[in-house]
$ cat work-v3.txt   # compact mmCIF, C-alpha atoms
# COMPACT_ATOMS: atom_id res chain seq x y z
CA MET A 1 66.94 51.00 1.17
CA SER A 2 64.84 48.41 -0.58
CA GLU A 3 62.02 50.47 -2.02
CA ILE A 4 59.21 48.09 -2.66
CA GLY A 5 56.70 50.88 -2.21
CA GLY A 6 58.29 53.29 -4.66
CA SER A 7 59.27 56.88 -3.99
CA ASP A 8 57.28 59.21 -1.75
CA LEU A 9 54.36 60.99 -3.35
CA PHE A 10 53.24 63.02 -0.37
CA VAL A 11 54.42 63.51 3.22
CA LEU A 12 52.15 64.70 6.01
CA GLU A 13 53.87 65.87 9.18
CA PHE A 14 52.59 65.58 12.73
CA GLY A 15 55.65 66.58 14.72
CA ASP A 16 57.81 63.50 14.92
CA ILE A 17 55.19 61.32 13.29
CA LEU A 18 55.21 61.41 9.52
CA HIS A 19 52.54 60.02 7.29
CA TYR A 20 54.05 59.24 3.93
CA TYR A 21 52.37 57.89 0.84
CA THR A 22 54.19 55.83 -1.73
CA PRO A 23 52.43 54.36 -4.79
CA TYR A 24 52.05 51.11 -2.85
CA THR A 25 50.53 52.61 0.30
CA THR A 26 48.46 55.06 -1.75
CA THR A 27 46.86 52.10 -3.55
CA LEU A 28 45.99 50.49 -0.22
CA PHE A 29 44.76 53.82 1.15
CA VAL A 30 42.48 54.43 -1.84
CA LEU A 31 41.11 50.89 -1.54
CA ALA A 32 40.23 51.49 2.13
CA LEU A 33 38.76 54.89 1.26
CA ILE A 34 36.54 53.51 -1.52
CA PHE A 35 35.32 50.68 0.64
CA THR A 36 34.55 52.99 3.55
CA GLY A 37 32.52 55.13 1.14
CA LEU A 38 30.63 52.07 -0.07
CA ALA A 39 29.91 50.98 3.50
CA ILE A 40 28.55 54.45 4.31
CA LEU A 41 26.28 54.51 1.26
CA SER A 42 25.03 50.95 1.04
CA ARG A 43 22.24 49.33 3.00
CA PRO A 44 22.77 46.02 4.78
CA GLU A 45 21.85 42.83 3.01
CA GLY A 46 18.78 40.86 4.03
CA GLN A 47 19.73 37.26 4.61
CA VAL A 48 17.22 34.54 3.84
CA ASP A 49 17.42 31.02 5.27
CA ILE A 50 15.53 28.40 3.30
CA ALA A 51 14.22 25.38 5.15
CA PHE A 52 15.41 22.30 3.31
CA GLY A 53 12.71 20.11 1.82
CA GLY A 54 9.87 22.59 2.16
CA ASP A 55 8.64 25.95 0.98
CA ALA A 56 9.40 27.74 4.26
CA TYR A 57 12.02 30.44 4.52
CA TYR A 58 13.16 32.79 7.27
CA ALA A 59 14.14 36.35 6.46
CA LYS A 60 16.65 37.80 8.95
CA GLU A 61 15.93 41.41 9.77
CA THR A 62 18.71 43.77 10.73
CA ALA A 63 17.38 46.24 13.28
CA VAL A 64 18.04 49.92 12.65
CA SER A 65 19.93 50.51 15.91
CA GLU A 66 22.12 47.50 15.25
CA MET A 67 22.74 48.65 11.68
CA ARG A 68 23.68 52.14 12.82
CA PHE A 69 26.14 50.88 15.39
CA ARG A 70 27.75 48.50 12.95
CA ARG A 71 28.00 51.19 10.31
CA PHE A 72 29.67 53.46 12.85
CA MET A 73 32.16 50.72 13.74
CA THR A 74 32.78 50.07 10.03
CA ILE A 75 33.57 53.74 9.43
CA ALA A 76 35.89 53.73 12.47
CA CYS A 77 37.56 50.60 11.14
CA GLY A 78 37.98 52.22 7.72
CA LEU A 79 39.53 55.34 9.24
CA ALA A 80 41.91 53.22 11.35
CA THR A 81 42.89 51.25 8.26
CA MET A 82 43.52 54.44 6.31
CA GLY A 83 45.66 55.72 9.19
CA ALA A 84 47.66 52.51 9.31
CA MET A 85 48.25 52.63 5.55
CA GLY A 86 50.05 55.95 5.60
CA SER A 87 51.73 55.83 8.98
CA GLY A 88 55.46 56.43 8.92
CA ASP A 89 56.02 55.63 12.58
CA ILE A 90 56.16 52.11 13.95
CA PHE A 91 54.48 52.86 17.27
CA ASN A 92 51.74 54.85 15.54
CA PHE A 93 51.23 51.96 13.15
CA THR A 94 50.81 49.50 16.04
CA LEU A 95 48.22 51.80 17.60
CA PHE A 96 46.25 51.92 14.35
CA ALA A 97 46.52 48.14 14.02
CA SER A 98 45.09 47.61 17.50
CA LEU A 99 42.30 50.08 16.68
CA VAL A 100 41.51 47.95 13.63
CA GLY A 101 41.44 44.87 15.86
CA ILE A 102 39.02 46.36 18.38
CA THR A 103 36.68 47.81 15.74
CA ASN A 104 36.64 44.42 13.98
CA VAL A 105 35.28 42.93 17.19
CA GLY A 106 32.84 45.84 17.44
CA ILE A 107 31.42 45.22 13.95
CA VAL A 108 30.28 41.73 14.89
CA ALA A 109 29.57 42.43 18.57
CA ALA A 110 26.18 43.94 17.70
CA VAL A 111 24.96 40.76 16.00
CA LYS A 112 22.46 38.70 17.94
CA SER A 113 23.62 35.28 16.88
CA ARG A 114 25.18 32.87 19.33
CA HIS A 115 27.44 31.23 16.78
CA VAL A 116 28.80 34.52 15.45
CA LEU A 117 29.38 35.86 18.95
CA ASP A 118 31.22 32.68 19.96
CA ALA A 119 33.58 33.13 17.02
CA ALA A 120 33.95 36.85 17.76
CA TYR A 121 34.82 36.02 21.38
CA GLU A 122 37.65 33.71 20.34
CA TYR A 123 38.83 36.31 17.86
CA GLY A 124 38.66 39.01 20.52
CA ILE A 125 40.87 36.98 22.85
CA VAL A 126 43.46 36.61 20.10
CA ALA A 127 43.25 40.32 19.25
CA MET A 128 43.75 41.17 22.92
CA VAL A 129 46.71 38.84 23.40
CA ALA A 130 48.25 39.97 20.09
CA THR A 131 48.89 43.43 21.51
CA LEU A 132 51.78 41.91 23.47
CA PRO A 133 53.88 40.86 20.44
CA LEU A 134 52.67 43.94 18.55
CA PHE A 135 53.89 46.50 21.06
CA GLY A 136 56.75 44.23 22.13
CA GLY A 137 58.06 44.29 18.56
CA ALA A 138 57.82 48.08 18.39
CA ALA A 139 59.55 48.40 21.78
CA LEU A 140 62.32 46.03 20.69
CA ILE A 141 62.90 48.05 17.52
CA LEU A 142 63.04 51.29 19.53
CA ALA A 143 65.46 49.81 22.08
CA THR A 144 67.87 48.36 19.54
CA THR A 145 67.87 51.23 17.04
CA GLY A 146 66.88 54.24 19.12
CA THR A 147 64.28 55.49 16.65
CA LEU A 148 60.76 54.63 15.52
CA SER A 149 60.55 56.55 12.26
CA ILE A 150 60.17 54.21 9.28
CA PRO A 151 61.84 56.59 6.76
CA ALA A 152 64.80 56.98 9.13
CA LEU A 153 65.08 53.21 9.60
CA ALA A 154 64.71 52.63 5.87
CA ALA A 155 67.52 55.07 5.13
CA GLY A 156 69.92 52.49 6.56
CA GLY A 157 72.53 52.53 9.26
CA PHE A 158 70.36 50.68 11.75
CA ALA A 159 70.51 47.00 12.58
CA VAL A 160 66.84 46.15 13.09
CA PRO A 161 66.69 42.72 14.78
CA PRO A 162 64.70 40.15 12.76
CA ILE A 163 62.94 39.13 15.96
CA GLY A 164 61.50 42.63 16.27
CA LYS A 165 60.06 42.41 12.78
CA ALA A 166 58.75 38.90 13.47
CA LEU A 167 56.99 40.04 16.65
CA LEU A 168 55.50 43.01 14.81
CA ALA A 169 54.19 40.76 12.02
CA LEU A 170 52.84 38.25 14.54
CA GLY A 171 51.02 41.02 16.37
CA VAL A 172 49.41 42.29 13.17
CA ILE A 173 48.42 38.74 12.23
CA GLY A 174 46.75 38.38 15.62
CA GLU A 175 44.98 41.73 15.33
CA GLY A 176 43.67 41.11 11.85
CA MET A 177 43.71 37.32 11.63
CA ALA A 178 45.07 37.91 8.13
CA PRO A 179 45.99 34.40 6.99
CA PHE A 180 43.29 32.65 9.03
CA TYR A 181 40.24 33.60 7.02
CA ALA A 182 38.86 30.14 7.53
CA ALA A 183 38.45 30.93 11.21
CA LYS A 184 37.22 34.44 10.59
CA ALA A 185 34.62 33.13 8.12
CA GLU A 186 32.54 32.10 11.11
CA MET A 187 32.18 35.76 11.90
CA PHE A 188 31.14 36.52 8.33
CA ARG A 189 27.96 34.49 8.78
CA ALA A 190 26.63 37.58 10.49
CA PRO A 191 23.95 39.24 8.37
CA GLY A 192 24.75 42.68 7.01
CA ALA A 193 27.14 42.22 4.11
CA PRO A 194 29.07 45.46 3.60
CA TYR A 195 30.01 45.73 7.26
CA VAL A 196 31.44 42.29 7.86
CA ILE A 197 33.52 42.48 4.70
CA MET A 198 35.26 45.48 6.26
CA CYS A 199 36.74 43.07 8.86
CA SER A 200 38.27 41.06 6.07
CA LEU A 201 39.46 44.00 4.02
CA SER A 202 41.03 45.87 6.93
CA SER A 203 42.95 42.83 8.14
CA LEU A 204 44.18 42.15 4.61
CA LEU A 205 45.33 45.75 4.21
CA ILE A 206 47.19 45.98 7.54
CA PHE A 207 48.84 42.64 6.78
CA LEU A 208 50.02 43.91 3.39
CA ARG A 209 51.28 47.06 5.07
CA VAL A 210 53.24 45.22 7.80
CA VAL A 211 54.89 43.10 5.13
CA GLU A 212 55.99 46.30 3.41
CA ILE A 213 57.29 47.72 6.72
CA ALA A 214 59.18 44.54 7.59
CA ILE A 215 60.89 44.53 4.19
CA THR A 216 61.60 48.25 4.11
CA ILE A 217 63.17 48.73 7.56
CA MET B 1 43.72 12.04 4.23
CA LEU B 2 45.98 14.61 2.69
CA ILE B 3 48.02 16.65 5.14
CA ILE B 4 46.66 19.90 3.70
CA THR B 5 43.11 18.67 4.28
CA ARG B 6 43.99 17.89 7.88
CA ILE B 7 45.58 21.31 8.40
CA SER B 8 42.69 23.21 6.84
CA ARG B 9 40.20 21.21 8.90
CA PHE B 10 42.09 22.12 12.06
CA VAL B 11 42.35 25.80 11.10
CA SER B 12 38.69 26.07 10.06
CA ASN B 13 37.50 25.35 13.61
CA PHE B 14 37.56 28.66 15.45
CA GLN B 15 37.88 26.84 18.77
CA ASN B 16 41.47 26.07 17.78
CA LEU B 17 42.25 29.68 16.98
CA VAL B 18 43.65 30.65 20.38
CA ALA B 19 45.76 27.48 20.55
CA LEU B 20 47.13 28.15 17.09
CA PHE B 21 48.04 31.73 17.93
CA ALA B 22 49.56 30.66 21.25
CA GLY B 23 51.68 28.12 19.37
CA ALA B 24 52.91 30.81 16.99
CA CYS B 25 53.69 33.07 19.97
CA ILE B 26 55.69 30.27 21.64
CA ILE B 27 57.71 29.63 18.47
CA ILE B 28 58.50 33.32 17.96
CA SER B 29 59.32 33.76 21.67
CA LEU B 30 61.73 30.82 21.56
CA ALA B 31 63.38 32.34 18.49
CA GLY B 32 63.56 35.59 20.43
CA ILE B 33 65.17 33.95 23.45
CA LEU B 34 67.72 32.21 21.21
CA SER B 35 68.68 35.51 19.55
CA LEU B 36 68.85 37.18 22.91
CA PRO B 37 71.96 39.23 23.38
CA LEU B 38 70.43 42.22 21.60
CA GLY B 39 72.43 45.40 21.90
CA PHE B 40 70.76 48.42 23.47
CA GLU B 41 71.29 51.55 21.38
CA GLU B 42 72.69 54.29 23.59
CA GLN B 43 71.66 57.07 21.19
CA GLN B 44 67.97 56.97 22.06
CA LEU B 45 65.54 59.35 20.42
CA TYR B 46 63.76 60.32 23.63
CA PRO B 47 66.40 60.16 26.35
CA LYS B 48 65.29 60.11 29.95
CA THR B 49 67.06 59.90 33.27
CA LEU B 50 65.25 58.65 36.35
CA ASP B 51 65.79 60.45 39.64
CA PRO B 52 63.85 58.71 42.45
CA ALA B 53 64.42 61.71 44.75
CA SER B 54 62.47 64.06 42.47
CA SER B 55 58.87 64.77 43.44
CA LEU B 56 57.90 64.40 39.77
CA TYR B 57 59.38 60.90 39.55
CA PRO B 58 59.05 59.14 37.08
CA TYR B 59 57.85 61.98 34.82
CA ASP B 60 60.69 64.38 35.49
CA ARG B 61 62.34 65.34 32.21
CA GLY B 62 64.17 68.33 33.61
CA GLY B 63 64.29 71.74 31.94
CA VAL B 64 63.16 75.27 32.66
CA PRO B 65 59.53 76.31 32.17
CA PHE B 66 59.20 78.64 29.15
CA GLY B 67 62.92 78.53 28.51
CA THR B 68 64.94 76.76 25.88
CA THR B 69 65.36 73.16 26.93
CA GLU B 70 67.24 70.72 24.78
CA VAL B 71 64.76 68.11 23.50
CA VAL B 72 65.99 65.39 21.16
CA VAL B 73 63.47 64.89 18.37
CA GLN B 74 63.54 63.04 15.07
CA TYR B 75 62.49 65.95 12.87
CA PRO B 76 63.41 69.24 14.61
CA GLU B 77 62.10 71.25 11.65
CA ASN B 78 58.57 69.98 12.35
CA SER B 79 58.63 71.10 16.00
CA PRO B 80 60.18 74.58 16.02
CA TYR B 81 59.03 75.29 19.60
CA ALA B 82 60.18 71.97 21.08
CA GLY B 83 61.44 72.41 24.61
CA TYR B 84 59.51 75.57 25.32
CA VAL B 85 56.95 74.35 27.84
CA THR B 86 58.76 71.32 29.22
CA ALA B 87 58.60 71.23 33.04
CA TYR B 88 55.67 73.66 33.18
CA LEU B 89 53.40 73.04 36.17
CA THR B 90 50.10 74.71 37.01
CA PRO B 91 50.14 76.54 40.37
CA LEU B 92 48.22 73.71 42.04
CA SER B 93 50.58 71.12 40.62
CA GLN B 94 53.55 73.22 41.69
CA TYR B 95 52.13 73.36 45.23
CA LEU B 96 51.64 69.57 45.24
CA ALA B 97 55.12 69.01 43.86
CA ASP B 98 56.63 71.24 46.54
CA HIS B 99 54.77 69.67 49.44
CA THR B 100 54.28 66.05 48.52
CA HIS B 101 56.40 63.41 46.91
CA TYR B 102 53.78 61.77 44.77
CA LEU B 103 52.83 64.16 41.97
CA GLY B 104 54.29 61.77 39.41
CA THR B 105 51.73 59.17 40.39
CA THR B 106 48.79 61.51 39.80
CA ILE B 107 49.70 62.74 36.32
CA VAL B 108 46.43 61.51 34.88
CA ALA B 109 44.30 62.75 37.76
CA HIS B 110 44.64 66.50 37.32
CA PRO B 111 44.71 68.63 34.17
CA GLY B 112 47.73 70.64 33.18
CA GLY B 113 50.08 68.82 35.48
CA ILE B 114 53.23 68.25 33.57
CA ILE B 115 52.98 69.21 29.96
CA ASP B 116 55.14 66.55 28.45
CA GLU B 117 56.04 67.86 25.05
CA ILE B 118 57.36 64.57 23.80
CA LEU B 119 54.03 63.00 24.61
CA TYR B 120 51.70 65.78 23.54
CA ASN B 121 53.57 67.81 20.96
CA THR B 122 56.15 65.88 18.99
CA ARG B 123 54.23 62.61 19.35
CA GLY B 124 50.78 64.12 19.58
CA LEU B 125 49.14 61.79 17.03
CA ASP B 126 49.92 58.83 19.28
CA THR B 127 47.86 60.43 22.03
CA VAL B 128 44.98 60.98 19.62
CA VAL B 129 44.98 57.38 18.39
CA GLU B 130 45.32 55.98 21.92
CA THR B 131 42.25 57.94 22.96
CA SER B 132 40.42 56.71 19.85
CA ILE B 133 41.11 53.11 20.89
CA LEU B 134 39.67 53.82 24.32
CA PHE B 135 36.68 55.55 22.73
CA ALA B 136 36.00 52.60 20.41
CA ALA B 137 36.23 50.19 23.34
CA PHE B 138 33.81 52.31 25.41
CA ALA B 139 31.44 52.59 22.45
CA ILE B 140 31.29 48.81 22.07
CA ALA B 141 30.91 48.21 25.80
CA SER B 142 28.18 50.83 26.19
CA TYR B 143 26.28 49.53 23.15
CA LEU B 144 26.36 45.98 24.49
CA PHE B 145 25.36 47.15 27.96
CA ARG B 146 22.47 49.32 26.80
CA ARG B 147 20.88 47.14 24.15
CA GLU B 148 17.53 45.63 24.97
CA VAL B 149 17.28 42.02 26.01
CA LYS B 150 14.57 40.23 24.11
$ encode --input "work-v3.txt" --output "structure tokens"
Amino acid sequence: MSEIGGSDLFVLEFGDILHYYTPYTTTLFVLALIFTGLAILSRPEGQVDIAFGGDAYYAKETAVSEMRFRRFMTIACGLATMGAMGSGDIFNFTLFASLVGITNVGIVAAVKSRHVLDAAYEYGIVAMVATLPLFGGAALILATTGTLSIPALAAGGFAVPPIGKALLALGVIGEGMAPFYAAKAEMFRAPGAPYVIMCSLSSLLIFLRVVEIAITI
Amino acid sequence: MLIITRISRFVSNFQNLVALFAGACIIISLAGILSLPLGFEEQQLYPKTLDPASSLYPYDRGGVPFGTTEVVVQYPENSPYAGYVTAYLTPLSQYLADHTHYLGTTIVAHPGGIIDEILYNTRGLDTVVETSILFAAFAIASYLFRREVK
């Protein structure tokens, strides 16, 4: 077993589904936890557009109902990210990853800006299509090894096909858009700073986690 | 123009996002097809035999209600009562199973039909997260539907 995460600090049991925390995943978990706390406590930013060549400026107001919905989606996204960080089961991890994907769309769905919604629509299509490689990878790993538990797979004795890992990673990339921040930046033009950054942070975290899973199993 | 400039310009346009992801999917799928003869592991964690003649098809996992049924699980120590309520049917479900052939198709339509332990006990967290995904999707859809149009 190639232990890039270090030894287990804590194991939480839900029947066949274990949540285990190594120093690596604990770091990611604490990061998600702190950021969720910040998103709960902080108030959204007020964006100001300045008209070029004049004194005029436009202040963008974030309505209370919109702010509440986006904060709710941010908290849901943070919880899903925290779940994905500790998950010791591949199918459970894919479920958390798709929950991250759908809440990412939800965070920007409340914004009333045509440009942001256009970008979110494209991103939503990718997140929807990405469930196919995501669950396909998990299904392939189950079919070829007969188990889904990451600690059991990491213990050795199973030949996990590289294509299963590749599909899993591709699915997570599609859910979180992890390396394509340039495209996701269009979504970040939405006013309301702490909430949109959760999109970025959660996708980064699930990408780091899937890299760890792909190396460990 | 540098090639990296060209690539980053292409990637920065979100209209190309779906095409880019589709391209990655095609490449990975081709690699998958090339590596195709993948062996199926016979020692599956959740074994299941399909019997089309059973009225519970395809949800029939066999076993005796409230008896000891052999259930293969990953961590038996975490599920000490595994196999206890497999094959339990409520009286209504039992009546439907005895008289019709289609109870397996209505598993979601009536409560307490077949208590599938693998689904709800040993892998219970999956069920919770699946429902959370549905809930998040409904929350987004209802918010978008109910918000005022200016």
$ closest_residue --input "work-v3.txt" --among "B:Leu119, B:Ala22, B:Ala87, B:Leu45" --to "chain A" --atoms "all atoms listed in the file"
B:Leu45
$ closest_atom_pairs --input "work-v3.txt" --of "chain B" --to "chain A" --cutoff "6 Å" --atoms "all atoms listed in the file" --output "JSON lines"
{"residue": "B:Ser12", "atom": "CA", "partner": "A:Ala182", "partner_atom": "CA", "distance": 4.8}
{"residue": "B:Phe14", "atom": "CA", "partner": "A:Ala183", "partner_atom": "CA", "distance": 4.9}
{"residue": "B:Val18", "atom": "CA", "partner": "A:Val126", "partner_atom": "CA", "distance": 6.0}
{"residue": "B:Gly32", "atom": "CA", "partner": "A:Ile163", "partner_atom": "CA", "distance": 5.7}
{"residue": "B:Gly39", "atom": "CA", "partner": "A:Thr144", "partner_atom": "CA", "distance": 5.9}
{"residue": "B:Phe40", "atom": "CA", "partner": "A:Thr144", "partner_atom": "CA", "distance": 4.9}
{"residue": "B:Glu41", "atom": "CA", "partner": "A:Thr144", "partner_atom": "CA", "distance": 5.0}
{"residue": "B:Gln43", "atom": "CA", "partner": "A:Gly146", "partner_atom": "CA", "distance": 5.9}
{"residue": "B:Gln44", "atom": "CA", "partner": "A:Gly146", "partner_atom": "CA", "distance": 4.2}
{"residue": "B:Leu45", "atom": "CA", "partner": "A:Gly146", "partner_atom": "CA", "distance": 5.4}
{"residue": "B:Gln74", "atom": "CA", "partner": "A:Asp16", "partner_atom": "CA", "distance": 5.8}
{"residue": "B:Tyr75", "atom": "CA", "partner": "A:Asp16", "partner_atom": "CA", "distance": 5.7}
{"residue": "B:Asn78", "atom": "CA", "partner": "A:Gly15", "partner_atom": "CA", "distance": 5.1}
{"residue": "B:Ser79", "atom": "CA", "partner": "A:Gly15", "partner_atom": "CA", "distance": 5.6}
{"residue": "B:Thr122", "atom": "CA", "partner": "A:Gly15", "partner_atom": "CA", "distance": 4.4}
{"residue": "B:Arg123", "atom": "CA", "partner": "A:Asp16", "partner_atom": "CA", "distance": 5.8}
{"residue": "B:Asp126", "atom": "CA", "partner": "A:Asn92", "partner_atom": "CA", "distance": 5.8}
{"residue": "B:Ile133", "atom": "CA", "partner": "A:Leu99", "partner_atom": "CA", "distance": 5.3}
{"residue": "B:Ile140", "atom": "CA", "partner": "A:Gly106", "partner_atom": "CA", "distance": 5.7}
$ atom_distance --input "work-v3.txt" --atom1 "CA of Leu20 in chain B" --atom2 "CA of Ser35 in chain B"
22.9 Å
$ closest_residue --input "work-v3.txt" --among "B:Val72, B:Leu134, B:Leu2, B:Ile28" --to "Tyr46 in chain B" --atoms "only C-alpha atoms"
B:Val72
$ atom_distance --input "work-v3.txt" --atom1 "CA of Leu201 in chain A" --atom2 "CA of Tyr58 in chain A"
28.8 Å
$ axis_aligned_box --input "work-v3.txt" --around "range 71-89 of chain B" --padding-each-side "6 Å" --output "JSON"
{"center_x": 59.7, "center_y": 69.3, "center_z": 23.9, "size_x": 24.6, "size_y": 24.5, "size_z": 36.5}
$ residues_around --input "work-v3.txt" --residues "Arg61 in chain B" --least-positions-apart "6" --cutoff "12 Å" --atoms "all atoms listed in the file" --output "VMD selection string"
chain B and resid 46 to 51 54 to 55 69 to 72 83 85 to 88 104 114 to 119
$ atom_distance --input "work-v3.txt" --atom1 "CA of Leu205 in chain A" --atom2 "CA of Ser8 in chain B"
22.8 Å
$ closest_residue --input "work-v3.txt" --among "A:Ile215, A:Val160, A:Ala32, A:Ala169" --to "Ser200 in chain A" --atoms "all atoms listed in the file"
A:Ala32
$ residues_around --input "work-v3.txt" --residues "Ala59 in chain A" --least-positions-apart "4" --cutoff "7 Å" --atoms "all atoms listed in the file" --output "PDB file with C-alpha atoms, keeping the file's coordinate frame"
ATOM      1  CA  GLY A  46      18.780  40.860   4.030  1.00  0.00           C
ATOM      2  CA  GLN A  47      19.730  37.260   4.610  1.00  0.00           C
ATOM      3  CA  VAL A  48      17.220  34.540   3.840  1.00  0.00           C
ATOM      4  CA  ASP A  49      17.420  31.020   5.270  1.00  0.00           C
TER       5      ASP A  49
END
$ closest_residue --input "work-v3.txt" --among "A:Gly53, A:Ala63, A:Ile217, A:Tyr24" --to "Glu148 in chain B" --atoms "only C-alpha atoms"
A:Ala63
$ residues_around --input "work-v3.txt" --residues "Met67 in chain A" --least-positions-apart "4" --cutoff "12 Å" --atoms "only C-alpha atoms" --output "ChimeraX atom specification"
/A:39-40,42-46,61-63,71-74,106-112,190-196
$ residues_around --input "work-v3.txt" --residues "Thr216 in chain A" --least-positions-apart "2" --cutoff "12 Å" --atoms "all atoms listed in the file" --output "list in words"
Met1, Ser2, Glu3, Ile4, Gly5, Gly6, Gly88, Ile90, Ser149, Ile150, Pro151, Ala152, Leu153, Ala154, Ala155, Gly156, Phe158, Val160, Lys165, Arg209, Val210, Val211, Glu212, Ile213 and Ala214 of chain A
$ build_atoms --input "work-v3.txt" --residues "range 34-47 of chain B" --atoms "N, CA and C atoms" --output "PDB file, in the coordinates of the input"
ATOM      1  N   LEU B  34      66.474  32.728  21.790  1.00  0.00           N
ATOM      2  CA  LEU B  34      67.720  32.210  21.210  1.00  0.00           C
ATOM      3  C   LEU B  34      68.579  33.346  20.647  1.00  0.00           C
ATOM      4  N   SER B  35      67.921  34.405  20.151  1.00  0.00           N
ATOM      5  CA  SER B  35      68.680  35.510  19.550  1.00  0.00           C
ATOM      6  C   SER B  35      68.976  36.578  20.591  1.00  0.00           C
ATOM      7  N   LEU B  36      69.008  36.162  21.881  1.00  0.00           N
ATOM      8  CA  LEU B  36      68.850  37.180  22.910  1.00  0.00           C
ATOM      9  C   LEU B  36      69.910  38.269  23.040  1.00  0.00           C
ATOM     10  N   PRO B  37      71.177  38.024  23.089  1.00  0.00           N
ATOM     11  CA  PRO B  37      71.960  39.230  23.380  1.00  0.00           C
ATOM     12  C   PRO B  37      71.737  40.298  22.315  1.00  0.00           C
ATOM     13  N   LEU B  38      70.714  41.129  22.536  1.00  0.00           N
ATOM     14  CA  LEU B  38      70.430  42.220  21.600  1.00  0.00           C
ATOM     15  C   LEU B  38      71.002  43.497  22.188  1.00  0.00           C
ATOM     16  N   GLY B  39      71.768  44.203  21.385  1.00  0.00           N
ATOM     17  CA  GLY B  39      72.430  45.400  21.900  1.00  0.00           C
ATOM     18  C   GLY B  39      71.442  46.538  22.107  1.00  0.00           C
ATOM     19  N   PHE B  40      71.595  47.255  23.225  1.00  0.00           N
ATOM     20  CA  PHE B  40      70.760  48.420  23.470  1.00  0.00           C
ATOM     21  C   PHE B  40      71.446  49.637  22.862  1.00  0.00           C
ATOM     22  N   GLU B  41      70.725  50.372  22.031  1.00  0.00           N
ATOM     23  CA  GLU B  41      71.290  51.550  21.380  1.00  0.00           C
ATOM     24  C   GLU B  41      71.343  52.696  22.390  1.00  0.00           C
ATOM     25  N   GLU B  42      72.540  53.226  22.589  1.00  0.00           N
ATOM     26  CA  GLU B  42      72.690  54.290  23.590  1.00  0.00           C
ATOM     27  C   GLU B  42      72.127  55.617  23.087  1.00  0.00           C
ATOM     28  N   GLN B  43      72.151  55.811  21.758  1.00  0.00           N
ATOM     29  CA  GLN B  43      71.660  57.070  21.190  1.00  0.00           C
ATOM     30  C   GLN B  43      70.141  56.996  21.023  1.00  0.00           C
ATOM     31  N   GLN B  44      69.417  57.079  22.137  1.00  0.00           N
ATOM     32  CA  GLN B  44      67.970  56.970  22.060  1.00  0.00           C
ATOM     33  C   GLN B  44      67.350  58.297  21.627  1.00  0.00           C
ATOM     34  N   LEU B  45      66.194  58.159  20.946  1.00  0.00           N
ATOM     35  CA  LEU B  45      65.540  59.350  20.420  1.00  0.00           C
ATOM     36  C   LEU B  45      64.960  60.213  21.530  1.00  0.00           C
ATOM     37  N   TYR B  46      64.380  59.580  22.535  1.00  0.00           N
ATOM     38  CA  TYR B  46      63.760  60.320  23.630  1.00  0.00           C
ATOM     39  C   TYR B  46      64.461  59.966  24.926  1.00  0.00           C
ATOM     40  N   PRO B  47      65.628  60.572  25.178  1.00  0.00           N
ATOM     41  CA  PRO B  47      66.400  60.160  26.350  1.00  0.00           C
ATOM     42  C   PRO B  47      65.704  60.590  27.642  1.00  0.00           C
TER      43      PRO B  47
END
